[in-house]
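Quick look at work-v6.cif (mmCIF, C-alpha atoms):
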```
data_my_file
#
loop_
_atom_site.label_atom_id
_atom_site.label_comp_id
_atom_site.auth_asym_id
_atom_site.auth_seq_id
_atom_site.Cartn_x
_atom_site.Cartn_y
_atom_site.Cartn_z
CA MET A 8 0.00 0.00 0.00
CA LEU A 9 1.36 3.42 -0.93
CA LEU A 10 2.09 5.80 1.89
CA LYS A 11 -0.12 8.89 1.80
CA ASP A 12 2.36 11.37 3.28
CA ILE A 13 5.57 11.81 1.31
CA ARG A 14 7.37 12.52 4.59
CA ASP A 15 6.81 8.87 5.46
CA TYR A 16 8.96 7.98 2.46
CA GLN A 17 11.57 10.41 3.69
CA ILE A 18 11.62 8.72 7.07
CA LEU A 19 11.91 5.34 5.34
CA PHE A 20 14.75 6.50 3.09
CA LEU A 21 16.74 8.20 5.85
CA GLY A 22 16.35 5.14 8.05
CA LEU A 23 17.61 3.01 5.14
CA PHE A 24 20.62 5.31 4.74
CA LEU A 25 21.44 4.88 8.42
CA VAL A 26 21.29 1.09 8.14
CA LEU A 27 23.44 1.15 4.99
CA GLY A 28 25.94 3.50 6.55
CA ILE A 29 26.37 1.36 9.63
CA GLY A 30 26.42 -1.89 7.64
CA THR A 31 28.60 -0.91 4.68
CA ARG A 32 30.68 2.05 5.82
CA ASP A 33 31.59 0.79 9.32
CA TRP A 34 30.71 4.11 10.93
CA THR A 35 31.50 4.67 14.57
CA LEU A 36 27.82 5.32 15.15
CA ARG A 37 26.42 4.46 18.56
CA PRO A 38 22.78 3.29 18.60
CA GLU A 39 22.13 5.04 21.92
CA LEU A 40 22.94 8.41 20.32
CA ILE A 41 20.38 7.76 17.60
CA GLY A 42 17.84 7.02 20.34
CA VAL A 43 18.77 10.23 22.15
CA ALA A 44 18.38 12.28 18.96
CA ILE A 45 14.96 10.79 18.20
CA ALA A 46 13.63 11.06 21.76
CA THR A 47 14.89 14.62 22.24
CA SER A 48 13.53 15.83 18.90
CA LEU A 49 10.07 14.36 19.46
CA ALA A 50 9.90 15.57 23.07
CA THR A 51 11.01 19.10 22.15
CA GLN A 52 8.51 19.27 19.29
CA TRP A 53 5.70 18.11 21.59
CA ILE A 54 6.53 20.49 24.45
CA LEU A 55 7.06 23.59 22.29
CA SER A 56 3.87 22.86 20.34
CA LEU A 57 1.91 22.80 23.60
CA VAL A 58 3.60 26.00 24.81
CA THR A 59 2.83 27.87 21.58
CA GLY A 60 -0.72 26.55 21.30
CA LYS A 61 -0.11 24.38 18.25
CA GLU A 62 -1.31 20.84 17.66
CA PRO A 63 1.35 18.60 19.29
CA MET A 64 0.85 15.73 16.85
CA ALA A 65 0.97 17.89 13.72
CA ASN A 66 4.72 17.92 13.05
CA LEU A 67 6.08 14.85 14.78
CA ARG A 68 7.03 13.43 11.37
CA SER A 69 9.21 16.44 10.72
CA ALA A 70 10.81 16.16 14.16
CA LEU A 71 11.61 12.51 13.41
CA ILE A 72 13.14 13.49 10.07
CA THR A 73 15.31 16.07 11.84
CA SER A 74 16.55 13.45 14.30
CA LEU A 75 17.41 11.02 11.49
CA GLY A 76 19.26 13.78 9.66
CA LEU A 77 21.28 14.59 12.76
CA SER A 78 22.07 10.90 13.22
CA LEU A 79 23.31 10.67 9.63
CA LEU A 80 25.54 13.73 9.69
CA LEU A 81 26.56 14.61 13.23
CA ARG A 82 29.03 12.68 15.36
CA ALA A 83 29.55 13.14 19.09
CA ASP A 84 31.46 11.57 21.96
CA HIS A 85 28.72 12.11 24.53
CA TRP A 86 24.94 11.76 24.53
CA THR A 87 24.45 15.28 25.91
CA THR A 88 25.94 16.73 22.71
CA MET A 89 23.37 14.94 20.57
CA ALA A 90 20.58 16.00 22.94
CA ILE A 91 21.69 19.64 22.72
CA ALA A 92 21.83 19.49 18.92
CA ALA A 93 18.38 17.91 18.65
CA ALA A 94 16.72 20.30 21.12
CA ILE A 95 18.20 23.38 19.46
CA ALA A 96 17.32 22.08 16.00
CA ILE A 97 13.63 21.78 16.86
CA ALA A 98 13.57 24.99 18.90
CA SER A 99 14.94 26.95 15.94
CA LYS A 100 11.66 26.36 14.08
CA PHE A 101 9.72 28.09 16.82
CA ILE A 102 12.20 30.91 17.48
CA PHE A 103 13.45 32.03 14.08
CA GLN A 104 10.25 32.80 12.22
CA VAL A 105 9.06 35.57 9.95
CA GLY A 106 5.38 35.52 9.03
CA ASP A 107 4.94 32.07 10.59
CA LYS A 108 7.73 30.68 8.38
CA HIS A 109 11.01 29.43 9.81
CA PHE A 110 14.03 30.20 7.67
CA PHE A 111 16.75 28.02 9.21
CA ASN A 112 16.95 24.39 8.20
CA PRO A 113 16.47 22.72 11.61
CA ALA A 114 18.94 19.84 11.21
CA ASN A 115 21.55 22.18 9.79
CA PHE A 116 20.97 24.64 12.63
CA GLY A 117 21.40 21.85 15.17
CA ILE A 118 24.62 20.67 13.54
CA ILE A 119 26.19 24.14 13.49
CA SER A 120 25.05 24.81 17.07
CA ALA A 121 26.66 21.59 18.29
CA LEU A 122 29.91 22.43 16.49
CA ILE A 123 29.98 25.89 18.09
CA LEU A 124 28.69 25.14 21.58
CA THR A 125 30.17 21.75 22.41
CA PRO A 126 33.75 20.47 22.41
CA ASN A 127 33.09 16.96 21.12
CA ALA A 128 30.92 17.32 18.01
CA TRP A 129 32.13 16.87 14.45
CA VAL A 130 30.92 16.18 10.92
CA SER A 131 32.65 13.82 8.50
CA PRO A 132 31.78 14.92 4.94
CA GLY A 133 33.67 11.97 3.44
CA GLN A 134 31.88 9.31 5.45
CA TRP A 135 29.98 8.05 2.39
CA GLY A 136 33.07 7.66 0.24
CA GLU A 137 32.68 7.95 -3.53
CA GLU A 138 31.05 4.68 -4.56
CA TRP A 139 28.80 5.21 -7.58
CA TRP A 140 25.91 3.15 -6.23
CA TYR A 141 25.48 5.49 -3.27
CA GLY A 142 25.03 8.32 -5.75
CA LEU A 143 22.39 6.36 -7.67
CA LEU A 144 20.56 5.52 -4.45
CA PHE A 145 20.52 9.12 -3.24
CA ALA A 146 19.53 10.48 -6.66
CA GLY A 147 16.71 7.97 -7.04
CA THR A 148 15.17 8.42 -3.60
CA GLY A 149 15.77 12.16 -3.50
CA GLY A 150 14.43 12.56 -7.01
CA MET A 151 11.17 10.83 -6.10
CA ILE A 152 10.61 13.25 -3.24
CA LEU A 153 11.63 16.35 -5.20
CA GLN A 154 9.33 15.38 -8.05
CA ARG A 155 6.39 15.40 -5.64
CA VAL A 156 7.40 18.68 -4.05
CA GLY A 157 8.54 20.49 -7.18
CA ARG A 158 11.94 21.66 -5.88
CA TRP A 159 14.27 20.25 -8.53
CA ASP A 160 15.18 23.82 -9.45
CA THR A 161 16.97 24.30 -6.13
CA THR A 162 19.06 21.14 -6.43
CA ALA A 163 19.87 21.83 -10.08
CA ALA A 164 20.91 25.44 -9.37
CA PHE A 165 23.15 24.43 -6.48
CA LEU A 166 24.84 21.45 -8.12
CA GLY A 167 25.10 23.21 -11.50
CA SER A 168 26.70 26.33 -10.03
CA TYR A 169 29.05 24.47 -7.74
CA SER A 170 30.11 22.07 -10.51
CA LEU A 171 30.82 25.00 -12.86
CA LEU A 172 32.94 26.81 -10.29
CA GLU A 173 34.95 23.68 -9.57
CA ALA A 174 35.41 23.07 -13.32
CA ILE A 175 36.74 26.61 -13.84
CA ARG A 176 39.15 26.20 -10.94
CA ASN A 177 40.27 22.81 -12.24
CA LEU A 178 41.04 24.31 -15.66
CA TRP A 179 42.79 27.31 -14.14
CA LEU A 180 45.09 25.10 -12.06
CA GLY A 181 45.69 22.68 -14.93
CA TRP A 182 44.59 19.64 -12.96
CA THR A 183 43.39 16.41 -14.54
CA TRP A 184 39.66 15.75 -14.58
CA ASP A 185 39.88 12.86 -12.18
CA VAL A 186 40.60 15.48 -9.50
CA TYR A 187 37.44 17.32 -10.52
CA TRP A 188 35.25 14.23 -10.30
CA HIS A 189 36.86 13.29 -7.01
CA ARG A 190 35.69 16.61 -5.53
CA LEU A 191 32.15 16.22 -6.83
CA MET A 192 31.42 12.52 -6.30
CA SER A 193 30.68 12.79 -2.63
CA GLY A 194 27.72 11.05 -1.03
CA SER A 195 27.46 13.77 1.61
CA LEU A 196 27.31 16.48 -1.07
CA LEU A 197 24.46 14.66 -2.82
CA LEU A 198 22.62 14.15 0.46
CA PHE A 199 22.91 17.87 1.13
CA ALA A 200 21.75 18.85 -2.36
CA LEU A 201 18.83 16.42 -2.49
CA PHE A 202 17.56 16.29 1.08
CA MET A 203 18.70 19.37 2.99
CA ILE A 204 18.88 22.41 0.73
CA THR A 205 15.46 21.60 -0.74
CA ASP A 206 13.29 21.87 2.39
CA PRO A 207 10.14 23.53 0.97
CA ARG A 208 9.18 25.13 4.28
CA SER A 209 12.39 27.05 4.93
CA ILE A 210 13.67 27.99 1.46
CA PRO A 211 12.42 30.87 -0.75
CA ASN A 212 8.86 30.51 -2.00
CA SER A 213 9.41 31.67 -5.60
CA ARG A 214 11.34 29.72 -8.19
CA ILE A 215 13.62 32.62 -9.09
CA GLY A 216 14.26 33.22 -5.40
CA ARG A 217 15.22 29.58 -4.89
CA VAL A 218 17.59 29.66 -7.86
CA VAL A 219 19.30 32.86 -6.69
CA TRP A 220 19.53 31.46 -3.14
CA ALA A 221 20.99 28.12 -4.28
CA VAL A 222 23.57 29.84 -6.50
CA CYS A 223 24.66 32.03 -3.57
CA ILE A 224 25.05 28.97 -1.34
CA ALA A 225 27.09 27.22 -4.04
CA GLY A 226 29.34 30.27 -4.37
CA LEU A 227 29.92 30.57 -0.64
CA THR A 228 30.53 26.82 -0.36
CA PHE A 229 33.16 27.07 -3.10
CA ILE A 230 34.93 29.96 -1.35
CA LEU A 231 34.87 28.36 2.11
CA ARG A 232 36.08 25.01 0.81
CA ASN A 233 38.82 26.17 -1.54
CA TYR A 234 40.14 29.34 0.09
CA PHE A 235 39.46 28.73 3.78
CA PHE A 236 39.83 24.92 3.54
CA ILE A 237 36.68 24.18 5.55
CA SER A 238 35.64 20.59 4.86
CA THR A 239 32.11 21.22 6.16
CA ALA A 240 31.65 24.27 3.92
CA VAL A 241 28.17 23.33 2.65
CA PHE A 242 26.69 23.34 6.15
CA TRP A 243 28.26 26.68 7.10
CA ALA A 244 27.15 28.23 3.80
CA LEU A 245 23.53 27.14 4.31
CA PHE A 246 23.59 28.41 7.89
CA ALA A 247 25.06 31.79 6.94
CA LEU A 248 22.71 32.42 4.01
CA ALA A 249 19.48 31.06 5.51
CA PRO A 250 18.27 34.59 6.50
CA LEU A 251 18.57 35.61 2.83
CA THR A 252 15.31 33.70 2.36
CA ILE A 253 13.46 36.56 4.08
CA LEU A 254 14.71 39.15 1.58
CA LEU A 255 14.09 36.94 -1.45
CA ASP A 256 10.51 36.27 -0.34
CA VAL A 257 9.98 40.04 -0.22
CA LEU A 258 11.59 40.67 -3.61
CA TRP A 259 9.73 37.87 -5.39
CA LEU A 260 6.32 37.16 -3.95
CA ALA A 261 4.93 33.65 -4.30
CA PRO A 262 2.56 31.39 -2.35
CA ARG A 263 4.14 29.64 0.60
CA PHE A 264 4.49 25.88 0.38
CA ALA A 265 1.82 24.00 2.34
CA TRP A 266 1.22 20.32 2.95
CA GLN A 267 -1.85 19.03 1.15
CA GLU A 268 -4.28 16.72 2.89
CA GLY A 269 -3.73 13.12 1.86
CA ASP A 270 -0.71 13.91 -0.32
CA GLU A 271 1.72 15.93 1.72
CA GLY A 272 4.84 16.66 -0.25
CA ALA A 273 8.16 16.53 1.46
CA GLY A 274 11.31 18.34 0.95
CA GLY A 275 14.87 18.30 1.74
CA GLU A 276 14.69 17.48 5.29
CA VAL A 277 17.94 15.43 6.49
CA LEU A 278 18.13 17.14 6.95
CA THR A 279 14.92 19.52 7.36
CA GLN A 280 11.88 20.20 9.26
CA HIS A 281 8.64 21.91 9.41
#
```
Whole structure given in structure tokens:
Amino acid sequence: MLLKDIRDYQILFLGLFLVLGIGTRDWTLRPELIGVAIATSLATQWILSLVTGKEPMANLRSALITSLGLSLLLRADHWTTMAIAAAIAIASKFIFQVGDKHFFNPANFGIISALILTPNAWVSPGQWGEEWWYGLLFAGTGGMILQRVGRWDTTAAFLGSYSLLEAIRNLWLGWTWDVYWHRLMSGSLLLFALFMITDPRSIPNSRIGRVVWAVCIAGLTFILRNYFFISTAVFWALFALAPLTILLDVLWLAPRFAWQEGDEGAGGEVLTQH
């Protein structure tokens, strides 16, 4: 039987990625930290919904998606670090709002907060390696979700811009093209482009706004990675430019994305939340 809510597919896919990562990549991922992330995210969503007068059950799916995203991307030595990341991730939806729309990607906000506030959090962008079948898996599952939500423009703008900048740099430095493909064929980069940067509830509403926003994130990612040598550049770029969504929504007016009864689209949530 087909699932009615596309976010259920997202939960299924992210859970599958976790199982694959643990089983095929030999991650140092502790099951108790996954449990902490899930429990903290759901509890924080429930409590803050009650405090703000919202329906507590309405967005538990999104809180679960946030926790799975954190489990996929964030590593920690202590359970309190994961709890802090999960609580802050969910709280960001309630705190950073303009016109009842949050503009920070929750999972990304939690990751950056943990990196800044705690001494034992880290992200390993190369944890997925460069195997081609991971790319096919991410593209297939992410593509199914993006087709339902209609946010392919964001992924295409980001990957197209970033790929072009890396190609120009590769030509300028006279490197062989295997270096170029090595820098692009990253499972974490695809996860980011397909599941995180495409969250329909926190990115610009208009198509032109989304394209401009994605190109800016690609440009900042390129600068941070190649001139400041920050391996987690994509996450810092998204965090820094998230408030730009507010301006772009003012410049180019468009209806805000809303879940539809019985066929609720999903978006880039590893890594996201609503």
Review point. Where does the PyMOL selection byres ((chain A and resi 110-121) around 9) land in this file, that is, which residues does it pick, as a VMD selection string?
Key: chain A and resid 72 to 77 80 to 81 83 88 to 89 91 to 100 103 to 105 108 to 109 122 to 130 203 to 204 206 208 to 211 242 to 243 245 to 246 249 to 253 276 to 281
Point to revise | Hits of the PyMOL selection byres ((chain A and resi 44-60) around 7) in this structure, as a list in words | key: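 That selection, the PyMOL selection byres ((chain A and resi 44-60) around 7), comes back as Leu40, Ile41, Gly42, Val43, Lys61, Glu62, Pro63, Leu67, Ala70, Leu71, Ser74, Ser78, Met89, Ala90, Ala93, Ala94 and Ile97 of chain A.
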Would you mind exporting C-alpha atoms of the selected residues as a PDB file, keeping the file's coordinate frame?
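Generated file (part-v6.pdb):
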```pdb
ATOM      1  CA  LEU A  40      22.940   8.410  20.320  1.00  0.00           C
ATOM      2  CA  ILE A  41      20.380   7.760  17.600  1.00  0.00           C
ATOM      3  CA  GLY A  42      17.840   7.020  20.340  1.00  0.00           C
ATOM      4  CA  VAL A  43      18.770  10.230  22.150  1.00  0.00           C
ATOM      5  CA  LYS A  61      -0.110  24.380  18.250  1.00  0.00           C
ATOM      6  CA  GLU A  62      -1.310  20.840  17.660  1.00  0.00           C
ATOM      7  CA  PRO A  63       1.350  18.600  19.290  1.00  0.00           C
ATOM      8  CA  LEU A  67       6.080  14.850  14.780  1.00  0.00           C
ATOM      9  CA  ALA A  70      10.810  16.160  14.160  1.00  0.00           C
ATOM     10  CA  LEU A  71      11.610  12.510  13.410  1.00  0.00           C
ATOM     11  CA  SER A  74      16.550  13.450  14.300  1.00  0.00           C
ATOM     12  CA  SER A  78      22.070  10.900  13.220  1.00  0.00           C
ATOM     13  CA  MET A  89      23.370  14.940  20.570  1.00  0.00           C
ATOM     14  CA  ALA A  90      20.580  16.000  22.940  1.00  0.00           C
ATOM     15  CA  ALA A  93      18.380  17.910  18.650  1.00  0.00           C
ATOM     16  CA  ALA A  94      16.720  20.300  21.120  1.00  0.00           C
ATOM     17  CA  ILE A  97      13.630  21.780  16.860  1.00  0.00           C
TER      18      ILE A  97
END
```
Exercise for review: Specify as a PyMOL selection string each residue included when the PyMOL selection byres ((chain A and resi 20) around 12) is applied to this file.
Suggested key: chain A and resi 13-19+21-27+72+75-76+79+144-152+198+202+275-278
Practice item. Identify, on the basis of only C-alpha atoms, every residue whose closest approach to Thr162 in chain A does not exceed 8 Å; exclude the query and any residue fewer than 3 positions from it along the same chain; express the result as a list in words. Key: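 After dropping sequence-adjacent residues, the list is Arg158, Trp159, Phe165, Leu166, Ala200, Leu201, Ile204, Thr205 and Ala221 of chain A.
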Write the residues of the preceding selection, restricted to C-alpha atoms, as a tab-separated table (two decimals), in the coordinates of the input.
```tsv
chain	number	residue	atom	x	y	z
A	158	ARG	CA	11.94	21.66	-5.88
A	159	TRP	CA	14.27	20.25	-8.53
A	165	PHE	CA	23.15	24.43	-6.48
A	166	LEU	CA	24.84	21.45	-8.12
A	200	ALA	CA	21.75	18.85	-2.36
A	201	LEU	CA	18.83	16.42	-2.49
A	204	ILE	CA	18.88	22.41	0.73
A	205	THR	CA	15.46	21.60	-0.74
A	221	ALA	CA	20.99	28.12	-4.28
```
Exercise for review: Kindly indicate which residue among A:Phe229, A:Trp259, A:Trp184, A:Trp220 lies nearest to Val241 in chain A, using all atoms listed in the file for the distances.
Suggested key: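 Nearest to Val241 in chain A: A:Phe229.
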Practice item. Could you tell me which of A:Ala247, A:Ser168, A:His189, A:Leu178 comes closest to Leu231 in chain A if we count only C-alpha atoms? Key: A:Ala247
Exercise for review: Could you please determine the separation between CA of Gly216 in chain A and CA of Trp188 in chain A in Å, to one decimal place?
Suggested key: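 CA of Gly216 in chain A sits 28.7 Å away from CA of Trp188 in chain A.
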Exercise for review: Have a look at A:Pro262, A:Phe235, A:Met192, A:Ala225 and name the one nearest to Leu248 in chain A; count all atoms listed in the file.
Suggested key: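 Among the listed residues, A:Ala225 lies closest to Leu248 in chain A.
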**Study point:** Nearest to Asp256 in chain A by atom-to-atom distance, counting all atoms listed in the file, from A:Ile224, A:Ala240, A:Ala164, A:Ile215
**Key:**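 Answer, going by the shortest atom-to-atom distance: A:Ile215.
Proximity ranking of A:Asn233, A:Ser213, A:Pro207, A:Leu227 relative to Arg176 in chain A places A:Asn233 first, based on only C-alpha atoms.
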Check your understanding: For Arg232 in chain A, which residue among A:Leu260, A:Leu180, A:Tyr169, A:Asn212 is the nearest when counting only C-alpha atoms?
Key -> A:Tyr169
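Counting from CA of Phe101 in chain A, the distance to CA of Leu254 in chain A is 19.5 Å.
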